[in-house]
$ cat my_file-v7.txt   # compact mmCIF, C-alpha atoms and all ligand atoms
# COMPACT_ATOMS: atom_id res chain seq x y z
CA MET A 1 146.80 135.71 111.72
CA ILE A 2 150.57 136.07 112.15
CA VAL A 3 150.64 133.01 114.42
CA LYS A 4 149.60 130.81 111.50
CA LEU A 5 152.36 132.07 109.20
CA PRO A 6 155.41 129.88 108.57
CA VAL A 7 158.82 130.99 109.80
CA MET A 8 162.37 129.97 108.91
CA ALA A 9 164.63 128.89 111.76
CA GLY A 10 168.06 127.91 110.52
CA HIS A 11 167.49 125.41 107.71
CA HIS A 12 163.98 124.55 108.93
CA LEU A 13 160.71 125.99 107.72
CA LEU A 14 158.36 125.80 110.70
CA LYS A 15 154.76 125.71 109.55
CA ASN A 16 153.49 128.15 112.16
CA ARG A 17 154.75 130.25 115.08
CA MET A 18 153.18 128.33 117.94
CA VAL A 19 155.55 126.17 119.97
CA LYS A 20 154.83 123.53 122.56
CA ALA A 21 157.27 124.65 125.26
CA PRO A 22 159.28 122.02 127.13
CA ILE A 23 157.36 120.73 130.14
CA HIS A 24 158.60 117.92 132.32
CA SER A 25 155.81 115.32 132.04
CA GLU A 26 156.90 113.38 135.15
CA THR A 27 156.27 110.12 133.31
CA CYS A 28 159.76 108.61 132.95
CA VAL A 29 161.12 105.74 134.99
CA GLY A 30 164.89 105.45 135.44
CA GLY A 31 165.21 108.16 132.78
CA LYS A 32 163.42 106.00 130.20
CA VAL A 33 160.40 106.87 128.10
CA THR A 34 157.30 104.93 129.26
CA ALA A 35 153.94 104.22 127.60
CA GLU A 36 152.65 107.16 129.67
CA THR A 37 155.29 109.46 128.19
CA GLU A 38 154.32 108.35 124.68
CA LYS A 39 150.63 108.96 125.40
CA HIS A 40 151.45 112.39 126.87
CA TYR A 41 153.11 113.47 123.62
CA GLU A 42 150.60 111.69 121.36
CA ASP A 43 147.66 113.51 122.98
CA ARG A 44 149.38 116.90 123.05
CA THR A 45 150.75 116.95 119.51
CA LYS A 46 147.80 115.32 117.69
CA GLY A 47 146.94 117.01 114.41
CA GLY A 48 150.34 118.66 114.12
CA ARG A 49 149.06 121.92 115.64
CA PHE A 50 152.47 123.32 116.53
CA GLY A 51 155.22 124.58 114.27
CA LEU A 52 157.66 123.17 116.79
CA VAL A 53 157.45 120.76 119.73
CA ILE A 54 160.24 120.95 122.31
CA VAL A 55 160.49 117.72 124.27
CA GLU A 56 161.06 118.23 127.99
CA HIS A 57 164.48 118.57 129.57
CA SER A 58 166.62 115.44 129.53
CA TYR A 59 169.64 115.06 131.79
CA VAL A 60 172.96 114.76 130.00
CA ARG A 61 174.71 113.11 132.94
CA ASN A 62 173.44 111.27 136.00
CA ASP A 63 174.63 113.95 138.44
CA GLY A 64 172.61 116.54 136.55
CA MET A 65 169.23 114.88 137.11
CA ALA A 66 166.67 117.42 138.32
CA SER A 67 164.15 114.87 139.60
CA PRO A 68 163.72 111.09 139.71
CA THR A 69 161.03 111.11 136.97
CA GLN A 70 163.12 113.13 134.51
CA LEU A 71 163.91 111.96 130.98
CA SER A 72 167.51 110.96 130.24
CA SER A 73 169.75 111.55 127.23
CA SER A 74 172.82 110.45 129.18
CA ARG A 75 173.16 106.85 127.86
CA ASP A 76 173.11 105.23 124.45
CA SER A 77 170.38 102.95 125.79
CA ASP A 78 168.09 106.02 125.97
CA ILE A 79 168.08 106.43 122.20
CA ASP A 80 165.30 103.88 121.49
CA GLY A 81 162.81 105.61 123.79
CA LEU A 82 163.75 109.05 122.48
CA LYS A 83 163.26 107.74 118.95
CA ARG A 84 159.67 106.76 119.80
CA LEU A 85 158.95 110.35 120.95
CA ALA A 86 160.46 111.89 117.82
CA GLU A 87 158.41 109.49 115.68
CA ILE A 88 155.13 110.34 117.43
CA ILE A 89 155.64 114.09 116.98
CA HIS A 90 156.76 113.75 113.36
CA ARG A 91 153.88 111.40 112.50
CA ASN A 92 151.51 113.97 113.94
CA GLY A 93 153.06 116.63 111.69
CA SER A 94 155.29 118.90 113.78
CA ALA A 95 159.04 119.50 113.92
CA ALA A 96 160.55 118.02 117.09
CA ILE A 97 163.62 118.91 119.13
CA LEU A 98 164.94 117.55 122.41
CA GLN A 99 165.96 119.75 125.31
CA ILE A 100 169.28 118.80 126.94
CA ASN A 101 170.13 119.92 130.44
CA HIS A 102 172.31 119.53 133.51
CA ALA A 103 170.66 120.71 136.71
CA GLY A 104 173.92 121.70 138.43
CA CYS A 105 173.05 122.49 142.04
CA GLY A 106 169.39 121.85 141.19
CA ALA A 107 170.15 118.11 141.37
CA SER A 108 170.19 116.19 144.64
CA ARG A 109 172.34 113.36 145.96
CA SER A 110 169.14 111.88 147.41
CA PHE A 111 168.19 110.61 143.95
CA THR A 112 171.41 110.83 141.88
CA GLY A 113 173.61 109.15 144.51
CA GLU A 114 176.34 111.62 143.53
CA ALA A 115 177.70 114.97 144.65
CA THR A 116 176.08 118.02 143.08
CA VAL A 117 178.26 120.43 141.11
CA SER A 118 177.99 124.11 140.26
CA PRO A 119 180.18 126.98 139.01
CA SER A 120 180.94 128.42 142.46
CA GLY A 121 179.23 126.35 145.14
CA VAL A 122 176.36 128.83 145.48
CA ARG A 123 173.10 127.08 146.31
CA VAL A 124 169.98 128.09 144.40
CA THR A 125 166.96 126.28 142.97
CA CYS A 126 164.13 127.13 140.71
CA GLY A 127 161.82 126.85 143.72
CA TRP A 128 159.89 123.86 142.51
CA PRO A 129 156.62 123.42 144.32
CA THR A 130 157.01 119.65 143.89
CA ALA A 131 158.91 119.14 147.12
CA ALA A 132 162.44 118.77 145.77
CA PRO A 133 164.58 117.90 148.76
CA GLN A 134 166.69 120.67 150.27
CA PRO A 135 169.55 121.10 147.81
CA ASP A 136 173.02 119.83 148.76
CA ILE A 137 175.99 122.18 149.10
CA PRO A 138 177.41 121.90 145.57
CA GLU A 139 181.03 121.15 144.73
CA VAL A 140 182.84 123.82 142.70
CA LEU A 141 183.62 122.64 139.16
CA THR A 142 187.29 122.60 138.21
CA THR A 143 188.34 123.51 134.66
CA ASP A 144 188.78 119.80 133.92
CA GLY A 145 185.36 119.18 135.42
CA ILE A 146 183.84 121.77 133.07
CA LEU A 147 185.49 120.14 130.05
CA ARG A 148 184.21 116.68 131.11
CA LEU A 149 180.75 118.14 131.54
CA GLU A 150 180.90 119.63 128.05
CA GLU A 151 181.63 116.12 126.71
CA ALA A 152 178.40 114.90 128.32
CA TYR A 153 176.39 117.64 126.57
CA LEU A 154 178.04 116.80 123.25
CA HIS A 155 177.19 113.09 123.58
CA ALA A 156 173.60 113.92 124.52
CA ALA A 157 173.22 116.17 121.46
CA VAL A 158 174.50 113.39 119.21
CA ARG A 159 172.02 110.94 120.81
CA ALA A 160 169.18 113.38 120.06
CA MET A 161 170.20 113.34 116.42
CA LYS A 162 170.50 109.53 116.38
CA ALA A 163 166.98 109.39 117.79
CA GLY A 164 165.73 111.33 114.76
CA PHE A 165 165.05 114.74 116.31
CA ASP A 166 165.29 117.81 114.08
CA GLY A 167 167.61 119.45 116.55
CA ILE A 168 168.19 120.35 120.17
CA ASN A 169 167.28 122.94 122.76
CA LEU A 170 170.20 123.78 125.03
CA HIS A 171 168.74 124.69 128.44
CA SER A 172 170.28 127.77 130.04
CA ALA A 173 167.39 129.03 132.12
CA HIS A 174 165.52 128.47 135.40
CA ALA A 175 168.58 128.32 137.68
CA TYR A 176 169.97 125.15 136.10
CA LEU A 177 173.67 124.69 135.43
CA LEU A 178 174.21 126.85 132.32
CA ASP A 179 172.07 129.55 133.89
CA GLN A 180 174.21 129.24 137.04
CA PHE A 181 177.19 130.16 134.84
CA PHE A 182 175.28 133.04 133.23
CA SER A 183 173.94 134.65 136.39
CA PRO A 184 176.32 136.79 138.46
CA ILE A 185 174.35 135.64 141.53
CA THR A 186 175.57 132.05 141.12
CA ASN A 187 178.81 132.59 139.18
CA LYS A 188 181.52 133.96 141.49
CA ARG A 189 184.41 132.44 139.52
CA GLN A 190 187.53 134.47 138.80
CA ASP A 191 188.89 132.35 135.91
CA ASP A 192 188.05 132.24 132.18
CA TYR A 193 184.48 131.20 133.14
CA ASN A 194 184.14 134.17 135.47
CA GLY A 195 180.94 135.79 136.60
CA PHE A 196 182.03 139.41 136.08
CA THR A 197 182.28 139.62 132.26
CA ILE A 198 179.83 138.55 129.54
CA GLU A 199 182.70 136.59 127.95
CA GLY A 200 183.23 134.63 131.17
CA ARG A 201 179.55 134.08 131.86
CA THR A 202 178.93 132.77 128.34
CA ARG A 203 182.17 130.88 127.80
CA ILE A 204 180.73 127.43 128.53
CA HIS A 205 177.69 128.15 126.31
CA ARG A 206 179.89 129.22 123.43
CA GLU A 207 182.19 126.22 123.77
CA LEU A 208 179.09 124.01 123.73
CA ILE A 209 177.51 125.73 120.73
CA ARG A 210 180.71 125.41 118.69
CA GLY A 211 181.42 121.87 119.90
CA ILE A 212 177.91 120.59 119.24
CA ARG A 213 177.78 122.28 115.84
CA GLN A 214 181.05 120.63 114.88
CA LEU A 215 179.58 117.23 115.69
CA ILE A 216 176.03 117.56 114.31
CA GLY A 217 176.69 119.99 111.45
CA THR A 218 174.86 123.16 110.48
CA LYS A 219 171.60 121.52 109.30
CA PRO A 220 169.96 120.54 112.63
CA LEU A 221 167.92 123.19 114.42
CA PHE A 222 169.92 124.63 117.32
CA VAL A 223 167.79 126.41 119.88
CA LEU A 224 169.18 128.00 123.01
CA ARG A 225 166.82 128.66 125.92
CA LEU A 226 168.22 131.59 127.87
CA GLY A 227 167.13 132.82 131.25
CA GLY A 228 167.87 136.25 129.89
CA CYS A 229 167.10 138.30 132.96
CA ASP A 230 166.94 137.36 136.66
CA TYR A 231 164.67 140.30 137.54
CA VAL A 232 166.42 140.61 140.91
CA GLU A 233 169.04 142.99 142.26
CA GLY A 234 172.56 141.89 141.31
CA GLY A 235 171.34 139.34 138.76
CA SER A 236 171.41 139.11 134.97
CA THR A 237 169.88 142.10 133.21
CA ILE A 238 168.13 142.63 129.90
CA GLU A 239 171.31 144.32 128.61
CA ASP A 240 173.27 141.18 129.52
CA ALA A 241 170.77 139.06 127.60
CA VAL A 242 171.17 141.25 124.51
CA SER A 243 174.99 141.09 124.64
CA ALA A 244 174.98 137.32 125.17
CA CYS A 245 172.45 136.63 122.42
CA LYS A 246 174.55 138.53 119.86
CA LEU A 247 177.45 136.21 120.71
CA PHE A 248 175.26 133.10 120.52
CA GLU A 249 173.93 134.17 117.13
CA ALA A 250 177.48 134.62 115.83
CA ASP A 251 178.40 131.14 117.13
CA GLY A 252 175.63 129.41 115.17
CA VAL A 253 172.43 129.30 117.22
CA ASP A 254 169.32 129.26 114.96
CA LEU A 255 166.64 130.36 117.40
CA LEU A 256 166.77 132.12 120.78
CA ASP A 257 164.15 130.93 123.29
CA ILE A 258 163.78 133.56 126.01
CA SER A 259 162.63 132.63 129.49
CA GLY A 260 163.55 133.58 133.06
CA GLY A 261 166.79 133.05 134.95
CA ILE A 262 167.15 132.70 138.70
CA CYS A 263 163.49 133.81 138.97
CA CYS A 264 162.70 130.56 137.14
CA PHE A 265 159.89 130.45 134.55
CA VAL A 266 157.68 132.91 136.44
CA ARG A 267 158.09 136.58 137.22
CA PRO A 268 156.73 137.53 140.63
CA GLY A 269 154.10 140.25 140.41
CA HIS A 270 153.81 139.85 136.63
CA ASP A 271 151.37 137.20 135.51
CA TYR A 272 150.12 138.71 132.25
CA PRO A 273 150.70 136.85 128.94
CA GLY A 274 154.30 137.28 127.77
CA TYR A 275 155.72 138.42 131.12
CA PHE A 276 159.30 138.09 129.80
CA GLY A 277 158.37 140.19 126.74
CA ASP A 278 160.63 143.10 127.70
CA THR A 279 163.66 140.80 127.41
CA SER A 280 162.57 139.01 124.22
CA GLU A 281 161.70 142.32 122.52
CA ALA A 282 165.12 143.80 123.33
CA VAL A 283 166.85 140.65 122.05
CA LYS A 284 164.70 140.57 118.90
CA LYS A 285 165.78 144.13 118.07
CA ALA A 286 169.46 143.15 118.37
CA VAL A 287 169.65 139.90 116.37
CA GLN A 288 168.69 138.63 112.91
CA ILE A 289 167.67 135.12 113.96
CA PRO A 290 164.14 134.42 115.25
CA VAL A 291 163.31 134.86 118.93
CA MET A 292 160.76 132.90 120.93
CA LEU A 293 158.88 134.06 124.03
CA THR A 294 157.16 131.82 126.60
CA GLY A 295 155.24 132.59 129.77
CA GLY A 296 151.65 133.23 130.70
CA VAL A 297 150.07 132.58 127.31
CA LYS A 298 146.57 131.16 127.84
CA ASP A 299 145.21 130.96 124.30
CA VAL A 300 146.14 131.46 120.67
CA TRP A 301 144.87 135.06 120.79
CA ASP A 302 147.39 135.93 123.50
CA ALA A 303 150.09 134.58 121.19
CA GLU A 304 148.76 136.54 118.24
CA ARG A 305 148.77 139.79 120.22
CA LEU A 306 152.37 139.29 121.39
CA LEU A 307 153.47 138.62 117.82
CA GLN A 308 151.64 141.72 116.58
CA GLU A 309 153.32 143.81 119.28
CA GLY A 310 156.72 142.61 118.04
CA LYS A 311 157.65 140.90 121.32
CA ALA A 312 158.95 137.81 119.50
CA ASP A 313 158.79 135.75 116.28
CA LEU A 314 157.46 132.59 117.90
CA ILE A 315 155.42 132.00 121.04
CA GLY A 316 155.70 129.05 123.40
CA THR A 317 152.99 127.68 125.65
CA GLY A 318 153.54 125.23 128.47
CA ARG A 319 151.06 124.82 131.30
CA ALA A 320 147.96 125.50 129.21
CA ILE A 321 148.84 122.55 126.93
CA THR A 322 149.59 120.29 129.88
CA ALA A 323 146.20 121.16 131.37
CA LYS A 324 144.24 120.79 128.14
CA ALA A 325 145.67 118.21 125.77
CA ASP A 326 143.74 119.48 122.72
CA TRP A 327 144.84 123.11 123.28
CA GLY A 328 145.39 125.03 120.04
CA MET A 329 143.32 122.89 117.65
CA GLU A 330 142.16 126.18 116.05
CA LEU A 331 145.66 126.50 114.57
CA LEU A 332 144.78 123.72 112.09
C1 LIG A 401 155.49 121.35 135.53
C2 LIG A 401 156.44 122.16 134.71
C3 LIG A 401 157.50 121.54 134.06
C4 LIG A 401 158.40 122.30 133.28
N1 LIG A 401 159.41 121.66 132.64
C5 LIG A 401 160.28 122.38 131.90
C6 LIG A 401 161.33 121.75 131.19
O1 LIG A 401 161.45 120.52 131.17
N2 LIG A 401 162.20 122.55 130.51
C7 LIG A 401 162.06 123.92 130.46
O2 LIG A 401 162.87 124.59 129.84
N3 LIG A 401 161.05 124.52 131.09
C8 LIG A 401 160.15 123.80 131.78
N4 LIG A 401 159.09 124.43 132.36
C9 LIG A 401 158.85 125.85 132.05
C10 LIG A 401 157.94 125.96 130.81
O3 LIG A 401 158.60 125.58 129.63
C11 LIG A 401 157.43 127.39 130.62
O4 LIG A 401 158.52 128.24 130.40
C12 LIG A 401 156.64 127.90 131.82
O5 LIG A 401 155.68 126.95 132.22
C13 LIG A 401 155.96 129.25 131.52
O6 LIG A 401 155.13 129.13 130.39
P1 LIG A 401 153.54 128.90 130.53
O7 LIG A 401 152.99 130.05 131.30
O8 LIG A 401 153.05 128.84 129.11
O9 LIG A 401 153.35 127.61 131.26
C14 LIG A 401 158.21 123.69 133.16
C15 LIG A 401 157.15 124.31 133.82
C16 LIG A 401 156.27 123.57 134.58
C17 LIG A 401 155.10 124.25 135.26
$ encode --input "my_file-v7.txt" --output "structure tokens" --more "lines below"
Ligand SMILES: Cc1cc2nc3c(=O)[nH]c(=O)nc-3n(C[C@H](O)[C@H](O)[C@H](O)COP(=O)(O)O)c2cc1C
Amino acid sequence: MIVKLPVMAGHHLLKNRMVKAPIHSETCVGGKVTAETEKHYEDRTKGGRFGLVIVEHSYVRNDGMASPTQLSSSRDSDIDGLKRLAEIIHRNGSAAILQINHAGCGASRSFTGEATVSPSGVRVTCGWPTAAPQPDIPEVLTTDGILRLEEAYLHAAVRAMKAGFDGINLHSAHAYLLDQFFSPITNKRQDDYNGFTIEGRTRIHRELIRGIRQLIGTKPLFVLRLGGCDYVEGGSTIEDAVSACKLFEADGVDLLDISGGICCFVRPGHDYPGYFGDTSEAVKKAVQIPVMLTGGVKDVWDAERLLQEGKADLIGTGRAITAKADWGMELL
């Protein structure tokens, strides 16, 4: 089976092509890892079934918190808890990376106590079913504000490395901040970070990739999760995803993790395994680095079929693993 074959990603040999996709476990308190968080990861990574485990999104700054139970990477005091998660996953036998994120206008003053920010003040959310309060009208980021925000991402990436993770996953999907820069629906800026050229829409990503690389070096695994296509009129297209991914590859990303943009992690009317496969396949044809596809995979055979069809080099699974903690034991 292709899914059981090892694959190189940057300097890391991943033992198979099955990835535990990042899924917010809703177990953190005040951004800190709890005993429940540890148990969540212990149960779901037992046996080292996955070539790679991506730990759920962590907020890089308080005003970028997507929900009150979210994990934090925004303070040095978070490192101890993060270290415990990296240790659990490593002890079980998988590579582990931490996802870092800022929710942008997906945050809410009701739990951050701060104003929400976004590229252009356009309001949009991933449409969480979990009763996120009505989003605030976001403040437009100034250039200085963008540079300060980049600092927060850089510090969070360094904390992930101090916690012993093998690398990071930079979240630019599901209508969160970096996706808000990438999508022409949410990016109406006219400056260097503009929403009308690929260079403008990817400028913050590219500054982050280069900045983080400079700090953590070339060895750690750098994964970028891109909401490649919005699948709505006027939004990001598959062609945009291809152009952007070529730039990200040149800047030093090791692995491209393709998901949805403003449409979030689902694609209305398309619920078959690998429903973002048209985007991941187009990206895979255009780059040399490995590409990962997530969405709708129910079992290891779905993953195998998508790999055989050339849709991606690695396959992520989220909800099925949350629902069934021993999912994928047949990979061992
Ligand atoms: C409850 C829940 C929490 C999620 N948390 C995250 C997250 O922290 N980071 C992320 O990039 N995606 C997150 N996702 C999206 C998943 O990683 C994945 O892309 C999505 O569930 C589709 O894959 P699946 O059909 O295998 O579940 C979440 C999805 C759900 C349902």
$ closest_residue --input "my_file-v7.txt" --among "A:Thr186, A:Ser172, A:Ser236, A:Gln214" --to "ligand LIG 401 (chain A)" --atoms "all atoms listed in the file"
A:Ser172
$ closest_residue --input "my_file-v7.txt" --among "A:Ala95, A:Leu255, A:Ala163, A:Val232" --to "Ile79 (chain A)" --atoms "all atoms listed in the file"
A:Ala163
$ residues_near_ligand --input "my_file-v7.txt" --ligand "ligand LIG 401 (chain A)" --cutoff "8 Å" --atoms "all atoms listed in the file" --output "JSON, numbers by chain"
{"A": [21, 22, 23, 24, 25, 55, 56, 57, 58, 99, 171, 173, 174, 225, 259, 260, 264, 265, 266, 273, 294, 295, 296, 297, 298, 316, 317, 318, 319, 320, 321]}
$ residues_near_point --input "my_file-v7.txt" --point "(168.7, 145.1, 119.6)" --cutoff "10 Å" --atoms "only C-alpha atoms" --output "PDB file with C-alpha atoms, in the frame of the given file"
ATOM      1  CA  GLU A 239     171.310 144.320 128.610  1.00  0.00           C
ATOM      2  CA  VAL A 242     171.170 141.250 124.510  1.00  0.00           C
ATOM      3  CA  SER A 243     174.990 141.090 124.640  1.00  0.00           C
ATOM      4  CA  CYS A 245     172.450 136.630 122.420  1.00  0.00           C
ATOM      5  CA  LYS A 246     174.550 138.530 119.860  1.00  0.00           C
ATOM      6  CA  SER A 280     162.570 139.010 124.220  1.00  0.00           C
ATOM      7  CA  GLU A 281     161.700 142.320 122.520  1.00  0.00           C
ATOM      8  CA  ALA A 282     165.120 143.800 123.330  1.00  0.00           C
ATOM      9  CA  VAL A 283     166.850 140.650 122.050  1.00  0.00           C
ATOM     10  CA  LYS A 284     164.700 140.570 118.900  1.00  0.00           C
ATOM     11  CA  LYS A 285     165.780 144.130 118.070  1.00  0.00           C
ATOM     12  CA  ALA A 286     169.460 143.150 118.370  1.00  0.00           C
ATOM     13  CA  VAL A 287     169.650 139.900 116.370  1.00  0.00           C
ATOM     14  CA  GLN A 288     168.690 138.630 112.910  1.00  0.00           C
TER      15      GLN A 288
END
$ residues_around --input "my_file-v7.txt" --residues "Leu256 (chain A)" --least-positions-apart "6" --cutoff "6 Å" --atoms "all atoms listed in the file" --output "list in words"
Val223, Leu224 and Val291 of chain A
$ closest_residue --input "my_file-v7.txt" --among "A:Asp179, A:Arg267, A:Gly104, A:Gly277" --to "Leu314 (chain A)" --atoms "all atoms listed in the file"
A:Gly277
$ residues_around --input "my_file-v7.txt" --residues "Asp192 (chain A)" --least-positions-apart "5" --cutoff "9 Å" --atoms "all atoms listed in the file" --output "list in words"
Glu199, Gly200, Arg201 and Arg203 of chain A
$ closest_residue --input "my_file-v7.txt" --among "A:Asp240, A:Asp166, A:Glu150, A:Asp257" --to "His205 (chain A)" --atoms "all atoms listed in the file"
A:Glu150
